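Colleague: Contents are mmCIF, N, CA and C atoms; file name model.cif:
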```cif
data_target
loop_
_atom_site.group_PDB
_atom_site.id
_atom_site.type_symbol
_atom_site.label_atom_id
_atom_site.label_comp_id
_atom_site.auth_asym_id
_atom_site.auth_seq_id
_atom_site.Cartn_x
_atom_site.Cartn_y
_atom_site.Cartn_z
ATOM 1 N N MET A 1138 0.841 -1.179 0.000
ATOM 2 C CA MET A 1138 0.000 0.000 0.000
ATOM 3 C C MET A 1138 0.889 1.246 0.000
ATOM 4 N N PHE A 1139 0.295 2.379 0.225
ATOM 5 C CA PHE A 1139 1.027 3.628 0.207
ATOM 6 C C PHE A 1139 1.682 3.883 1.561
ATOM 7 N N ALA A 1140 2.930 4.287 1.542
ATOM 8 C CA ALA A 1140 3.642 4.577 2.784
ATOM 9 C C ALA A 1140 2.964 5.719 3.518
ATOM 10 N N GLY A 1141 2.819 5.562 4.832
ATOM 11 C CA GLY A 1141 2.239 6.617 5.646
ATOM 12 C C GLY A 1141 0.724 6.556 5.784
ATOM 13 N N HIS A 1142 0.077 5.684 5.028
ATOM 14 C CA HIS A 1142 -1.381 5.581 5.129
ATOM 15 C C HIS A 1142 -1.750 4.542 6.175
ATOM 16 N N ASP A 1143 -2.804 4.799 6.858
ATOM 17 C CA ASP A 1143 -3.304 3.865 7.851
ATOM 18 C C ASP A 1143 -3.716 2.568 7.168
ATOM 19 N N THR A 1144 -3.277 1.447 7.684
ATOM 20 C CA THR A 1144 -3.536 0.150 7.069
ATOM 21 C C THR A 1144 -5.024 -0.154 6.976
ATOM 22 N N THR A 1145 -5.770 0.120 8.032
ATOM 23 C CA THR A 1145 -7.201 -0.170 8.031
ATOM 24 C C THR A 1145 -7.941 0.667 6.998
ATOM 25 N N SER A 1146 -7.657 1.943 6.944
ATOM 26 C CA SER A 1146 -8.357 2.794 5.974
ATOM 27 C C SER A 1146 -7.970 2.416 4.550
ATOM 28 N N SER A 1147 -6.727 2.014 4.334
ATOM 29 C CA SER A 1147 -6.307 1.578 3.004
ATOM 30 C C SER A 1147 -7.038 0.306 2.598
ATOM 31 N N ALA A 1148 -7.157 -0.642 3.529
ATOM 32 C CA ALA A 1148 -7.853 -1.894 3.241
ATOM 33 C C ALA A 1148 -9.326 -1.633 2.938
ATOM 34 N N LEU A 1149 -9.966 -0.804 3.745
ATOM 35 C CA LEU A 1149 -11.376 -0.489 3.513
ATOM 36 C C LEU A 1149 -11.569 0.229 2.182
ATOM 37 N N SER A 1150 -10.653 1.098 1.847
ATOM 38 C CA SER A 1150 -10.720 1.800 0.573
ATOM 39 C C SER A 1150 -10.620 0.811 -0.590
ATOM 40 N N GLN A 1151 -9.718 -0.144 -0.493
ATOM 41 C CA GLN A 1151 -9.566 -1.163 -1.533
ATOM 42 C C GLN A 1151 -10.824 -2.024 -1.657
ATOM 43 N N ILE A 1152 -11.400 -2.397 -0.527
ATOM 44 C CA ILE A 1152 -12.626 -3.208 -0.539
ATOM 45 C C ILE A 1152 -13.753 -2.440 -1.223
ATOM 46 N N MET A 1153 -13.915 -1.170 -0.863
ATOM 47 C CA MET A 1153 -14.971 -0.355 -1.471
ATOM 48 C C MET A 1153 -14.732 -0.176 -2.972
ATOM 49 N N HIS A 1154 -13.494 0.000 -3.357
ATOM 50 C CA HIS A 1154 -13.155 0.153 -4.776
ATOM 51 C C HIS A 1154 -13.497 -1.125 -5.543
ATOM 52 N N CYS A 1155 -13.126 -2.271 -4.987
ATOM 53 C CA CYS A 1155 -13.425 -3.551 -5.656
ATOM 54 C C CYS A 1155 -14.934 -3.783 -5.763
ATOM 55 N N LEU A 1156 -15.660 -3.462 -4.701
ATOM 56 C CA LEU A 1156 -17.112 -3.626 -4.747
ATOM 57 C C LEU A 1156 -17.744 -2.688 -5.767
ATOM 58 N N ALA A 1157 -17.215 -1.482 -5.893
ATOM 59 C CA ALA A 1157 -17.740 -0.535 -6.877
ATOM 60 C C ALA A 1157 -17.509 -1.035 -8.301
ATOM 61 N N LYS A 1158 -16.412 -1.738 -8.511
ATOM 62 C CA LYS A 1158 -16.094 -2.271 -9.835
ATOM 63 C C LYS A 1158 -16.883 -3.543 -10.164
ATOM 64 N N HIS A 1159 -17.452 -4.175 -9.134
ATOM 65 C CA HIS A 1159 -18.159 -5.446 -9.320
ATOM 66 C C HIS A 1159 -19.544 -5.376 -8.672
ATOM 67 N N PRO A 1160 -20.503 -4.750 -9.363
ATOM 68 C CA PRO A 1160 -21.829 -4.537 -8.774
ATOM 69 C C PRO A 1160 -22.577 -5.829 -8.430
ATOM 70 N N ALA A 1161 -22.358 -6.908 -9.147
ATOM 71 C CA ALA A 1161 -23.051 -8.164 -8.822
ATOM 72 C C ALA A 1161 -22.591 -8.681 -7.458
ATOM 73 N N GLU A 1162 -21.301 -8.604 -7.193
ATOM 74 C CA GLU A 1162 -20.778 -9.029 -5.898
ATOM 75 C C GLU A 1162 -21.234 -8.075 -4.797
ATOM 76 N N GLN A 1163 -21.291 -6.794 -5.133
ATOM 77 C CA GLN A 1163 -21.793 -5.809 -4.178
ATOM 78 C C GLN A 1163 -23.234 -6.136 -3.776
ATOM 79 N N GLU A 1164 -24.057 -6.485 -4.748
ATOM 80 C CA GLU A 1164 -25.453 -6.820 -4.465
ATOM 81 C C GLU A 1164 -25.556 -8.105 -3.656
ATOM 82 N N ARG A 1165 -24.728 -9.090 -3.989
ATOM 83 C CA ARG A 1165 -24.746 -10.345 -3.231
ATOM 84 C C ARG A 1165 -24.377 -10.091 -1.765
ATOM 85 N N LEU A 1166 -23.367 -9.256 -1.535
ATOM 86 C CA LEU A 1166 -22.974 -8.913 -0.169
ATOM 87 C C LEU A 1166 -24.088 -8.142 0.528
ATOM 88 N N ARG A 1167 -24.702 -7.220 -0.186
ATOM 89 C CA ARG A 1167 -25.820 -6.446 0.371
ATOM 90 C C ARG A 1167 -26.940 -7.370 0.829
ATOM 91 N N GLN A 1168 -27.276 -8.344 0.004
ATOM 92 C CA GLN A 1168 -28.330 -9.297 0.359
ATOM 93 C C GLN A 1168 -27.938 -10.139 1.571
ATOM 94 N N GLU A 1169 -26.671 -10.528 1.643
ATOM 95 C CA GLU A 1169 -26.216 -11.301 2.809
ATOM 96 C C GLU A 1169 -26.361 -10.478 4.085
ATOM 97 N N ILE A 1170 -25.981 -9.216 4.016
ATOM 98 C CA ILE A 1170 -26.067 -8.340 5.192
ATOM 99 C C ILE A 1170 -27.515 -8.117 5.590
ATOM 100 N N ILE A 1171 -28.381 -7.849 4.622
ATOM 101 C CA ILE A 1171 -29.798 -7.623 4.917
ATOM 102 C C ILE A 1171 -30.430 -8.871 5.530
ATOM 103 N N SER A 1172 -30.169 -10.016 4.933
ATOM 104 C CA SER A 1172 -30.791 -11.253 5.423
ATOM 105 C C SER A 1172 -30.252 -11.682 6.781
ATOM 106 N N SER A 1173 -29.081 -11.192 7.162
ATOM 107 C CA SER A 1173 -28.511 -11.564 8.465
ATOM 108 C C SER A 1173 -29.227 -10.879 9.622
ATOM 109 N N GLY A 1174 -29.906 -9.779 9.331
ATOM 110 C CA GLY A 1174 -30.620 -9.054 10.380
ATOM 111 C C GLY A 1174 -29.744 -8.108 11.184
ATOM 112 N N ILE A 1175 -28.495 -7.894 10.757
ATOM 113 C CA ILE A 1175 -27.637 -6.997 11.539
ATOM 114 C C ILE A 1175 -27.929 -5.525 11.288
ATOM 115 N N VAL A 1176 -28.695 -5.228 10.252
ATOM 116 C CA VAL A 1176 -29.024 -3.839 9.944
ATOM 117 C C VAL A 1176 -30.467 -3.594 10.359
ATOM 118 N N ASP A 1177 -30.628 -3.186 11.596
ATOM 119 C CA ASP A 1177 -31.983 -2.945 12.095
ATOM 120 C C ASP A 1177 -32.094 -1.596 12.798
ATOM 121 N N GLY A 1178 -31.140 -0.720 12.557
ATOM 122 C CA GLY A 1178 -31.188 0.602 13.162
ATOM 123 C C GLY A 1178 -30.453 0.705 14.475
ATOM 124 N N SER A 1179 -30.028 -0.415 15.034
ATOM 125 C CA SER A 1179 -29.275 -0.381 16.278
ATOM 126 C C SER A 1179 -27.810 -0.676 15.987
ATOM 127 N N GLU A 1180 -27.055 -0.906 17.020
ATOM 128 C CA GLU A 1180 -25.646 -1.233 16.830
ATOM 129 C C GLU A 1180 -25.515 -2.584 16.145
ATOM 130 N N VAL A 1181 -24.450 -2.729 15.374
ATOM 131 C CA VAL A 1181 -24.184 -3.988 14.671
ATOM 132 C C VAL A 1181 -23.649 -4.994 15.683
ATOM 133 N N ASP A 1182 -24.243 -6.172 15.698
ATOM 134 C CA ASP A 1182 -23.802 -7.248 16.577
ATOM 135 C C ASP A 1182 -22.516 -7.859 15.999
ATOM 136 N N TYR A 1183 -21.445 -7.818 16.764
ATOM 137 C CA TYR A 1183 -20.136 -8.291 16.298
ATOM 138 C C TYR A 1183 -20.180 -9.754 15.875
ATOM 139 N N ASP A 1184 -20.808 -10.608 16.665
ATOM 140 C CA ASP A 1184 -20.861 -12.041 16.344
ATOM 141 C C ASP A 1184 -21.611 -12.292 15.036
ATOM 142 N N LYS A 1185 -22.692 -11.556 14.810
ATOM 143 C CA LYS A 1185 -23.428 -11.707 13.552
ATOM 144 C C LYS A 1185 -22.593 -11.230 12.375
ATOM 145 N N LEU A 1186 -21.867 -10.146 12.573
ATOM 146 C CA LEU A 1186 -21.013 -9.620 11.511
ATOM 147 C C LEU A 1186 -19.915 -10.624 11.159
ATOM 148 N N MET A 1187 -19.327 -11.241 12.158
ATOM 149 C CA MET A 1187 -18.259 -12.200 11.930
ATOM 150 C C MET A 1187 -18.770 -13.506 11.315
ATOM 151 N N ALA A 1188 -20.073 -13.722 11.346
ATOM 152 C CA ALA A 1188 -20.667 -14.952 10.814
ATOM 153 C C ALA A 1188 -21.102 -14.818 9.353
ATOM 154 N N LEU A 1189 -20.719 -13.726 8.683
ATOM 155 C CA LEU A 1189 -21.107 -13.517 7.293
ATOM 156 C C LEU A 1189 -20.007 -14.065 6.374
ATOM 157 N N PRO A 1190 -20.231 -15.231 5.771
ATOM 158 C CA PRO A 1190 -19.167 -15.868 4.983
ATOM 159 C C PRO A 1190 -18.772 -15.097 3.723
ATOM 160 N N TYR A 1191 -19.721 -14.458 3.054
ATOM 161 C CA TYR A 1191 -19.374 -13.742 1.827
ATOM 162 C C TYR A 1191 -18.582 -12.476 2.146
ATOM 163 N N LEU A 1192 -18.946 -11.792 3.216
ATOM 164 C CA LEU A 1192 -18.190 -10.625 3.657
ATOM 165 C C LEU A 1192 -16.756 -11.033 3.984
ATOM 166 N N ASP A 1193 -16.606 -12.133 4.687
ATOM 167 C CA ASP A 1193 -15.272 -12.637 5.020
ATOM 168 C C ASP A 1193 -14.478 -12.937 3.757
ATOM 169 N N ALA A 1194 -15.122 -13.588 2.785
ATOM 170 C CA ALA A 1194 -14.445 -13.936 1.534
ATOM 171 C C ALA A 1194 -14.009 -12.689 0.774
ATOM 172 N N ILE A 1195 -14.860 -11.682 0.737
ATOM 173 C CA ILE A 1195 -14.527 -10.439 0.035
ATOM 174 C C ILE A 1195 -13.334 -9.750 0.705
ATOM 175 N N CYS A 1196 -13.363 -9.683 2.016
ATOM 176 C CA CYS A 1196 -12.256 -9.044 2.741
ATOM 177 C C CYS A 1196 -10.952 -9.792 2.511
ATOM 178 N N ARG A 1197 -10.983 -11.100 2.625
ATOM 179 C CA ARG A 1197 -9.763 -11.895 2.426
ATOM 180 C C ARG A 1197 -9.229 -11.787 0.999
ATOM 181 N N GLU A 1198 -10.127 -11.844 0.019
ATOM 182 C CA GLU A 1198 -9.696 -11.779 -1.372
ATOM 183 C C GLU A 1198 -9.121 -10.401 -1.708
ATOM 184 N N THR A 1199 -9.741 -9.352 -1.206
ATOM 185 C CA THR A 1199 -9.237 -8.005 -1.455
ATOM 186 C C THR A 1199 -7.866 -7.822 -0.825
ATOM 187 N N LEU A 1200 -7.677 -8.309 0.380
ATOM 188 C CA LEU A 1200 -6.375 -8.188 1.036
ATOM 189 C C LEU A 1200 -5.324 -9.049 0.330
ATOM 190 N N ARG A 1201 -5.748 -10.180 -0.236
ATOM 191 C CA ARG A 1201 -4.828 -11.044 -0.970
ATOM 192 C C ARG A 1201 -4.280 -10.322 -2.205
ATOM 193 N N LEU A 1202 -5.164 -9.583 -2.859
ATOM 194 C CA LEU A 1202 -4.753 -8.870 -4.065
ATOM 195 C C LEU A 1202 -3.781 -7.766 -3.725
#
```
Can you dump the structure from the file as structure tokens?
Modeller:
Amino acid sequence: MFAGHDTTSSALSQIMHCLAKHPAEQERLRQEIISSGIVDGSEVDYDKLMALPYLDAICRETLRL
């Protein structure tokens, strides 16, 4: 990545960029998040977030690249 940039923000930026380039994958992830019930207007439940396999796959693949 770029020297001096925060690792987390760089990773999130890369993930968002990849999702923007691949709308079908973005929609699939959106559906996974909606169906998980973690988006209900309250705080996101950490355990539910960690149980999303497609989100995990996207994060791992983006970091691999």
Colleague: Can you work out the spacing between atom CA of Arg1165 of chain A and atom CA of Thr1144 of chain A in Å, to one decimal?
Modeller: 25.8 Å
Colleague: Could you tell me how far atom N of Gln1168 of chain A sits from atom CA of Tyr1191 of chain A, in Å to one decimal place?
Modeller: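 Atom N of Gln1168 of chain A lies 9.7 Å from atom CA of Tyr1191 of chain A.
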Colleague: Could you tell me how far atom C of Arg1167 of chain A lies from atom CA of Leu1200 of chain A, in Å and to one decimal?
Modeller: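 Distance between the two atoms: 20.6 Å.
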Colleague: Pick out the residues sitting within 12 Å of segment 1192-1198 of chain A, and hand them over as a ChimeraX atom specification; count only C-alpha atoms, and ignore anything fewer than 6 positions along from it in its own chain.
Modeller: /A:1145,1148-1156,1159,1162-1170,1173,1185-1186
Colleague: If you run DSSP over the backbone, which residues in chain A end up helix (DSSP H, G or I)? Put them as a PyMOL selection string.
Modeller: chain A and resi 1144-1158+1160-1173+1183-1187+1190-1201
Colleague: Take every atom of segment 1181-1195 of chain A listed in the file, pad by 4 Å on each side, and give me the axis-aligned box centre and edge lengths in Å, one decimal, as lines of an AutoDock Vina configuration file.
Modeller:
```
center_x = -18.9
center_y = -9.3
center_z = 8.4
size_x = 19.1
size_y = 21.1
size_z = 24.7
```
